[in-house]
Amino acid sequence: MKVLLTGANGYIGRRLKNVLKNQEGIELRVFVRNKNSISKDKAENFEVFEGDTFDKDALRKALNGVDTAYYLIHSLNKENYKDLDKISAQNFIDMAEECGVKRVIYLGGLGVKNSDTSNHLLSRIETGEILSASKSVQTIWVRAGVIIGSGSASFEIIRNLVEKLPFLITPKWVDTYAQPIAVEDVINYLSSSLHLSYEKNLIVDIGTTKMMYKEMMQETALALGLKRYLIPVPFMSINISSYWLNLFTPVPFRVAKALIEGLRSEVVMQNENAKIYFPLITPLSYIDAVKKAVQEIAQNQVISRWSDAEGSSWDKIHLKEINDAIFVDRKESDISAYDKEKVFKAIKSIGGENGWFDYDFLWEIRGVIDKALGGVGLNRGRRDSCDLRLGECLDFWRVEDIQENERLLLFAQMKIPGHAWLEFKIEGDKLIQSAYFYPKGVWGRVYWYALLPMHYFIFNNMMKCVLKNSLKL
Ligand SMILES: NC(=O)c1ccc[n+]([C@@H]2O[C@H](COP(=O)([O-])OP(=O)(O)OC[C@H]3O[C@@H](n4cnc5c(N)ncnc54)[C@H](OP(=O)(O)O)[C@@H]3O)[C@@H](O)[C@H]2O)c1
């Protein structure tokens, strides 16, 4: 069976790819916006097609000869995501019909259309409706609510709030009911949908026990062994709640707002199709799902994170500008006496809970300023404390290039008047650390000169600390 997986670098897609590529009888193709984003996986047994769902030719090529296609795409990070998602789904189903695809499997959200339905959920419903409207392609529309798993945006919000705040100030929507589900179960339903003997369109609602958001918080505290108090504040608006989440959790304002809007309406199962068509799957309980997610985080086994999306569309935009950078702060060190692999390992451990080698408080201050300006801030952290992969985020940076034992290039995603990069390069016996800045207008130049004193402290010490740390490995 020829299977196409779209959104293969996203939170769900990355995990599903890991399952599908090992299944016998499946020829897997993935559809990504940047081929380089999966360069590490090149040796593995699947084909890579590059493209965007707004490019019908690219879709046609990827869908040609495919039996079943997964549609795991959304553009939540974009301002006009509702319109984009409609066009994307229409293009996809048009091309699927043209290429004779038999089945499309789509993962959408739980919930129904009413006056309280959030734009995010409406967009997920519209996508499902567009895909299901096809006369010749069957659609299996799996619908999940809050997904509990390491790296899931909703779970990271709950976990961060519960871990960081002994008193949880909660809006009235925490009394809303939802039906969460472990990410492993979601992947199980999606991969099992490939083999389902059923020929009509099907909507499959999935979830574990129905519970209120406040119960999820309480059970998360229990799973983490923490005592937490919930203080309901009825007048907290969506915007205030979103700023609150933006400040205390790794999730940016736009994502937080979309999720908070969703809390107003119940996201519970509307049908029993999961039990009827997938009787062998018994979803994990909420508390077990939380324990599993926390264990994965502790053991550095996080396969995907909410922040992975958009991770593959960067280099076409920024990479050429690094050569035009006007300001460069370059430092060099002789590393002939050091083990170069260990030096690179130390470089790769930069950021997140490991800190930025020295003057962490200056980085923290910059992170708080960035959050206050509506940026991503420092607390996105990192997926894994040792490993880094192309395109993933690291505090307010994104990994733009990584060549083992040779080069790490980080692109700054903080709010700055220009574009900035931080690069570590090992060339022969030299370690070269460069900070590049491509300023936009006068403010860009003012910004660079204003930060020179801080750069002096941060960058001078950084390389020394990398080398010192490499000796401890
Ligand atoms: N995660 C959850 O908690 C959750 C809960 C319920 C339902 N769902 C549903 O599950 C599905 C997948 O969600 P997710 O969390 O895995 O999403 P995600 O992490 O945001 O990933 C979205 C993927 O879509 C790709 N993409 C976006 N626009 C594209 C375009 N125009 N052309 C090609 N690819 C494009 C992105 O590619 P790049 O890597 O190139 O950026 C990314 O891989 C969605 O329908 C979502 O509603 C998710």
# chains A, B, ... in the order shown; residues from 1 in each chain; ligands from 1

call {"tool": "residues_around", "arguments": {"residues": "Asn77 of chain A", "least_positions_apart": "3", "cutoff": "12 Å", "atoms": "only C-alpha atoms", "output": "PyMOL selection string"}}
result
chain A and resi 73-74+80-82+84-85+120+251-258+306-311

call {"tool": "write_last_selection", "arguments": {"atoms": "C-alpha atoms", "output": "PDB file, in the first residue's frame"}}
result
ATOM      1  CA  ILE A  73      -1.918  20.046   8.194  1.00  0.00           C
ATOM      2  CA  HIS A  74      -2.960  23.298   9.745  1.00  0.00           C
ATOM      3  CA  ASN A  80      -5.445  34.279   8.384  1.00  0.00           C
ATOM      4  CA  TYR A  81      -5.240  30.551   9.158  1.00  0.00           C
ATOM      5  CA  LYS A  82      -8.963  29.925   8.647  1.00  0.00           C
ATOM      6  CA  LEU A  84      -5.516  29.309   4.366  1.00  0.00           C
ATOM      7  CA  ASP A  85      -6.719  26.026   5.847  1.00  0.00           C
ATOM      8  CA  HIS A 120      -9.582  27.294  15.597  1.00  0.00           C
ATOM      9  CA  VAL A 251       3.374  28.646  24.208  1.00  0.00           C
ATOM     10  CA  PRO A 252       3.264  31.927  22.226  1.00  0.00           C
ATOM     11  CA  PHE A 253       0.345  34.358  22.489  1.00  0.00           C
ATOM     12  CA  ARG A 254      -1.384  33.363  19.222  1.00  0.00           C
ATOM     13  CA  VAL A 255      -1.411  29.644  20.066  1.00  0.00           C
ATOM     14  CA  ALA A 256      -2.418  30.333  23.695  1.00  0.00           C
ATOM     15  CA  LYS A 257      -5.313  32.527  22.507  1.00  0.00           C
ATOM     16  CA  ALA A 258      -6.563  29.926  20.029  1.00  0.00           C
ATOM     17  CA  TRP A 306       4.179  21.652  19.228  1.00  0.00           C
ATOM     18  CA  SER A 307       6.954  24.076  18.205  1.00  0.00           C
ATOM     19  CA  ASP A 308       8.259  21.729  15.482  1.00  0.00           C
ATOM     20  CA  ALA A 309       5.732  23.067  12.989  1.00  0.00           C
ATOM     21  CA  GLU A 310       6.977  25.837  10.712  1.00  0.00           C
ATOM     22  CA  GLY A 311      10.364  24.424  11.452  1.00  0.00           C
TER      23      GLY A 311
END

call {"tool": "residues_near_ligand", "arguments": {"ligand": "ligand 1", "cutoff": "6 Å", "atoms": "only C-alpha atoms and all ligand atoms", "output": "mmCIF file with N, CA and C atoms, in the first residue's frame"}}
result
data_model
loop_
_atom_site.group_PDB
_atom_site.id
_atom_site.type_symbol
_atom_site.label_atom_id
_atom_site.label_comp_id
_atom_site.auth_asym_id
_atom_site.auth_seq_id
_atom_site.Cartn_x
_atom_site.Cartn_y
_atom_site.Cartn_z
ATOM 1 N N GLY A 7 2.306 16.834 6.673
ATOM 2 C CA GLY A 7 2.554 17.343 8.031
ATOM 3 C C GLY A 7 3.546 16.462 8.771
ATOM 4 N N ALA A 8 4.458 15.838 8.022
ATOM 5 C CA ALA A 8 5.346 14.821 8.609
ATOM 6 C C ALA A 8 6.354 15.398 9.607
ATOM 7 N N ASN A 9 6.481 16.716 9.630
ATOM 8 C CA ASN A 9 7.370 17.325 10.631
ATOM 9 C C ASN A 9 6.590 17.923 11.796
ATOM 10 N N GLY A 10 5.282 17.755 11.775
ATOM 11 C CA GLY A 10 4.456 18.350 12.825
ATOM 12 C C GLY A 10 4.420 17.467 14.066
ATOM 13 N N TYR A 11 3.666 17.900 15.045
ATOM 14 C CA TYR A 11 3.625 17.183 16.322
ATOM 15 C C TYR A 11 3.122 15.747 16.145
ATOM 16 N N ILE A 12 2.012 15.601 15.442
ATOM 17 C CA ILE A 12 1.438 14.262 15.243
ATOM 18 C C ILE A 12 2.191 13.533 14.136
ATOM 19 N N GLY A 13 2.452 14.260 13.035
ATOM 20 C CA GLY A 13 3.052 13.637 11.852
ATOM 21 C C GLY A 13 4.386 12.977 12.135
ATOM 22 N N VAL A 32 6.782 17.317 2.779
ATOM 23 C CA VAL A 32 7.264 18.356 3.715
ATOM 24 C C VAL A 32 7.599 19.628 2.937
ATOM 25 N N ARG A 33 7.653 20.730 3.670
ATOM 26 C CA ARG A 33 7.908 21.994 2.977
ATOM 27 C C ARG A 33 9.386 22.254 2.732
ATOM 28 N N ASP A 52 4.185 22.332 -0.936
ATOM 29 C CA ASP A 52 3.299 23.110 -0.102
ATOM 30 C C ASP A 52 1.900 22.811 -0.614
ATOM 31 N N THR A 53 0.901 22.789 0.238
ATOM 32 C CA THR A 53 -0.439 22.456 -0.266
ATOM 33 C C THR A 53 -1.036 23.576 -1.116
ATOM 34 N N PHE A 54 -0.353 24.721 -1.151
ATOM 35 C CA PHE A 54 -0.837 25.789 -2.030
ATOM 36 C C PHE A 54 -0.259 25.631 -3.436
ATOM 37 N N LEU A 72 -2.535 15.980 7.788
ATOM 38 C CA LEU A 72 -2.228 16.428 9.161
ATOM 39 C C LEU A 72 -1.675 17.849 9.123
ATOM 40 N N ILE A 73 -2.423 18.698 8.452
ATOM 41 C CA ILE A 73 -1.918 20.046 8.194
ATOM 42 C C ILE A 73 -2.828 21.098 8.813
ATOM 43 N N HIS A 74 -2.234 22.058 9.463
ATOM 44 C CA HIS A 74 -2.960 23.298 9.745
ATOM 45 C C HIS A 74 -1.971 24.443 9.847
ATOM 46 N N SER A 75 -2.506 25.651 9.686
ATOM 47 C CA SER A 75 -1.623 26.829 9.619
ATOM 48 C C SER A 75 -1.864 27.742 10.814
ATOM 49 N N LEU A 107 -6.940 14.126 10.879
ATOM 50 C CA LEU A 107 -7.129 14.298 12.324
ATOM 51 C C LEU A 107 -7.603 15.719 12.586
ATOM 52 N N GLY A 108 -8.806 15.847 13.094
ATOM 53 C CA GLY A 108 -9.352 17.167 13.439
ATOM 54 C C GLY A 108 -9.610 17.247 14.931
ATOM 55 N N GLY A 109 -10.439 18.211 15.317
ATOM 56 C CA GLY A 109 -10.684 18.420 16.745
ATOM 57 C C GLY A 109 -12.075 17.970 17.145
ATOM 58 N N ARG A 124 -10.971 23.598 11.923
ATOM 59 C CA ARG A 124 -10.761 22.139 11.888
ATOM 60 C C ARG A 124 -12.000 21.433 11.339
ATOM 61 N N ALA A 144 -9.999 14.451 17.812
ATOM 62 C CA ALA A 144 -9.441 14.352 19.169
ATOM 63 C C ALA A 144 -9.541 15.710 19.854
ATOM 64 N N GLY A 145 -9.684 15.688 21.181
ATOM 65 C CA GLY A 145 -9.700 16.943 21.948
ATOM 66 C C GLY A 145 -8.289 17.251 22.420
ATOM 67 N N VAL A 146 -8.157 17.424 23.735
ATOM 68 C CA VAL A 146 -6.846 17.740 24.303
ATOM 69 C C VAL A 146 -5.947 16.511 24.182
ATOM 70 N N ILE A 147 -4.802 16.696 23.556
ATOM 71 C CA ILE A 147 -3.893 15.551 23.417
ATOM 72 C C ILE A 147 -2.825 15.625 24.513
ATOM 73 N N SER A 152 3.125 18.216 23.592
ATOM 74 C CA SER A 152 1.851 18.714 23.054
ATOM 75 C C SER A 152 1.555 20.087 23.663
ATOM 76 N N ALA A 153 1.069 21.027 22.843
ATOM 77 C CA ALA A 153 0.875 22.403 23.320
ATOM 78 C C ALA A 153 -0.064 22.444 24.529
ATOM 79 N N TRP A 306 5.079 20.739 19.926
ATOM 80 C CA TRP A 306 4.179 21.652 19.228
ATOM 81 C C TRP A 306 4.976 22.664 18.407
ATOM 82 N N ASP A 308 7.577 22.258 16.673
ATOM 83 C CA ASP A 308 8.259 21.729 15.482
ATOM 84 C C ASP A 308 7.669 22.296 14.195
ATOM 85 N N ALA A 309 6.376 22.595 14.216
ATOM 86 C CA ALA A 309 5.732 23.067 12.989
ATOM 87 C C ALA A 309 6.360 24.383 12.566
ATOM 88 N N GLU A 310 6.347 24.663 11.307
ATOM 89 C CA GLU A 310 6.977 25.837 10.712
ATOM 90 C C GLU A 310 8.487 25.705 10.743
ATOM 91 N N GLY A 311 8.931 24.586 11.299
ATOM 92 C CA GLY A 311 10.364 24.424 11.452
ATOM 93 C C GLY A 311 11.075 24.168 10.153
ATOM 94 N N SER A 312 10.330 23.847 9.105
ATOM 95 C CA SER A 312 11.028 23.460 7.900
ATOM 96 C C SER A 312 10.924 24.496 6.803
ATOM 97 N N SER A 313 10.348 25.639 7.108
ATOM 98 C CA SER A 313 10.135 26.584 6.016
ATOM 99 C C SER A 313 11.075 27.781 6.126
#

call {"tool": "select_by_dssp", "arguments": {"residues": "segment 53-196 of chain A", "states": "helix (DSSP H, G or I)", "output": "MDAnalysis selection string"}}
result
chainID A and resid 56:63 81:98 119:132 153:164 172:175 183:195

call {"tool": "atom_distance", "arguments": {"atom1": "atom CA of Glu406 of chain A", "atom2": "atom CA of Pro439 of chain A"}}
result
27.0 Å

call {"tool": "select_by_dssp", "arguments": {"residues": "segment 301-447 of chain A", "states": "strand (DSSP E)", "output": "MDAnalysis selection string"}}
result
chainID A and resid 327:334 393:394 397:403 407:412 418:427 430:439

call {"tool": "write_last_selection", "arguments": {"atoms": "C-alpha atoms", "output": "tab-separated table (two decimals), in the first residue's frame"}}
result
chain	number	residue	atom	x	y	z
A	327	PHE	CA	27.63	43.39	11.98
A	328	VAL	CA	29.69	40.35	12.95
A	329	ASP	CA	31.15	39.53	16.35
A	330	ARG	CA	33.68	36.78	15.69
A	331	LYS	CA	35.85	34.90	18.20
A	332	GLU	CA	38.33	32.11	17.60
A	333	SER	CA	40.01	29.57	19.85
A	334	ASP	CA	42.72	26.99	19.28
A	393	CYS	CA	13.40	25.62	18.44
A	394	LEU	CA	15.79	26.29	21.25
A	397	TRP	CA	16.40	30.54	18.59
A	398	ARG	CA	15.72	28.07	15.83
A	399	VAL	CA	18.29	25.54	14.57
A	400	GLU	CA	18.96	26.68	11.02
A	401	ASP	CA	21.87	24.39	10.25
A	402	ILE	CA	23.49	21.51	12.09
A	403	GLN	CA	26.37	19.46	10.73
A	407	ARG	CA	28.67	23.56	12.52
A	408	LEU	CA	25.68	24.75	14.54
A	409	LEU	CA	23.80	27.77	13.23
A	410	LEU	CA	20.99	29.31	15.26
A	411	PHE	CA	18.57	31.90	13.91
A	412	ALA	CA	17.09	34.37	16.40
A	418	GLY	CA	16.62	42.87	11.94
A	419	HIS	CA	17.82	39.29	11.67
A	420	ALA	CA	20.43	37.68	13.91
A	421	TRP	CA	22.32	34.40	13.93
A	422	LEU	CA	24.71	32.68	16.31
A	423	GLU	CA	27.15	30.26	14.76
A	424	PHE	CA	29.66	27.76	16.12
A	425	LYS	CA	32.06	26.23	13.62
A	426	ILE	CA	34.86	23.73	14.07
A	427	GLU	CA	37.45	24.16	11.30
A	430	LYS	CA	39.90	26.14	15.40
A	431	LEU	CA	36.60	26.80	17.11
A	432	ILE	CA	34.96	29.88	15.61
A	433	GLN	CA	32.01	31.55	17.28
A	434	SER	CA	30.23	34.28	15.30
A	435	ALA	CA	27.22	36.44	16.05
A	436	TYR	CA	25.78	37.95	12.86
A	437	PHE	CA	23.30	40.79	12.66
A	438	TYR	CA	21.46	42.11	9.62
A	439	PRO	CA	19.85	45.33	10.86

call {"tool": "closest_residue", "arguments": {"among": "A:Ser37, A:Thr117, A:Gln179, A:Ser349", "to": "Glu215 of chain A", "atoms": "only C-alpha atoms"}}
result
A:Gln179

call {"tool": "residues_around", "arguments": {"residues": "Trp173 of chain A", "least_positions_apart": "2", "cutoff": "6 Å", "atoms": "only C-alpha atoms", "output": "PyMOL selection string"}}
result
chain A and resi 171+175-176+263-264

call {"tool": "atom_distance", "arguments": {"atom1": "atom CA of Phe357 of chain A", "atom2": "atom CA of Gln413 of chain A"}}
result
19.8 Å

call {"tool": "closest_residue", "arguments": {"among": "A:Ser88, A:Lys164, A:Arg103, A:Val66", "to": "Leu226 of chain A", "atoms": "only C-alpha atoms"}}
result
A:Lys164

call {"tool": "closest_residue", "arguments": {"among": "A:Glu219, A:Glu98, A:Glu261, A:Glu27", "to": "Leu122 of chain A", "atoms": "only C-alpha atoms"}}
result
A:Glu261

call {"tool": "residues_around", "arguments": {"residues": "Ser136 of chain A", "least_positions_apart": "6", "cutoff": "10 Å", "atoms": "only C-alpha atoms", "output": "JSON, numbers by chain"}}
result
{"A": [93, 96, 97, 98, 100, 101, 102, 103]}

call {"tool": "residues_around", "arguments": {"residues": "Tyr106 of chain A", "least_positions_apart": "6", "cutoff": "6 Å", "atoms": "only C-alpha atoms", "output": "PDB file with C-alpha atoms, in the first residue's frame"}}
result
ATOM      1  CA  TYR A  70      -2.914  11.380   5.754  1.00  0.00           C
ATOM      2  CA  TYR A  71      -3.917  15.010   6.034  1.00  0.00           C
ATOM      3  CA  TRP A 141     -12.103  11.913   9.996  1.00  0.00           C
TER       4      TRP A 141
END

call {"tool": "closest_residue", "arguments": {"among": "A:Asn300, A:Asn246, A:Asn188, A:Ser134", "to": "Ala89 of chain A", "atoms": "only C-alpha atoms"}}
result
A:Ser134

call {"tool": "residues_around", "arguments": {"residues": "Phe167 of chain A", "least_positions_apart": "4", "cutoff": "10 Å", "atoms": "only C-alpha atoms", "output": "list of chain:residue names"}}
result
A:Leu161, A:Val162, A:Lys227, A:Arg228, A:Tyr229, A:Leu230, A:Ile231

call {"tool": "write_last_selection", "arguments": {"atoms": "N, CA and C atoms", "output": "tab-separated table (two decimals), in the first residue's frame"}}
result
chain	number	residue	atom	x	y	z
A	161	LEU	N	1.92	25.35	34.01
A	161	LEU	CA	1.17	26.10	35.02
A	161	LEU	C	1.23	25.35	36.35
A	162	VAL	N	0.99	24.05	36.29
A	162	VAL	CA	0.93	23.25	37.52
A	162	VAL	C	2.32	23.20	38.18
A	227	LYS	N	1.17	19.72	45.44
A	227	LYS	CA	-0.10	20.18	46.01
A	227	LYS	C	-0.41	21.54	45.39
A	228	ARG	N	-1.54	21.67	44.74
A	228	ARG	CA	-1.86	22.92	44.05
A	228	ARG	C	-3.25	23.39	44.43
A	229	TYR	N	-3.43	24.73	44.49
A	229	TYR	CA	-4.72	25.30	44.85
A	229	TYR	C	-5.26	26.08	43.66
A	230	LEU	N	-6.50	25.84	43.32
A	230	LEU	CA	-7.11	26.56	42.20
A	230	LEU	C	-7.93	27.74	42.71
A	231	ILE	N	-7.63	28.94	42.20
A	231	ILE	CA	-8.39	30.11	42.62
A	231	ILE	C	-9.15	30.64	41.40

call {"tool": "closest_residue", "arguments": {"among": "A:Ala69, A:Ala62, A:Cys386, A:Leu373", "to": "Gln299 of chain A", "atoms": "only C-alpha atoms"}}
result
A:Cys386

call {"tool": "closest_residue", "arguments": {"among": "A:Glu341, A:Asp83, A:Glu404, A:Asp57", "to": "Ser123 of chain A", "atoms": "only C-alpha atoms"}}
result
A:Asp83

call {"tool": "residues_around", "arguments": {"residues": "Leu194 of chain A", "least_positions_apart": "3", "cutoff": "8 Å", "atoms": "only C-alpha atoms", "output": "PDB file with C-alpha atoms, in the first residue's frame"}}
result
ATOM      1  CA  THR A  68      -4.115   6.355   1.263  1.00  0.00           C
ATOM      2  CA  ILE A 105      -7.290  10.072   6.907  1.00  0.00           C
ATOM      3  CA  LEU A 190      -4.526   6.915  12.974  1.00  0.00           C
ATOM      4  CA  SER A 191      -2.270   4.028  11.995  1.00  0.00           C
TER       5      SER A 191
END
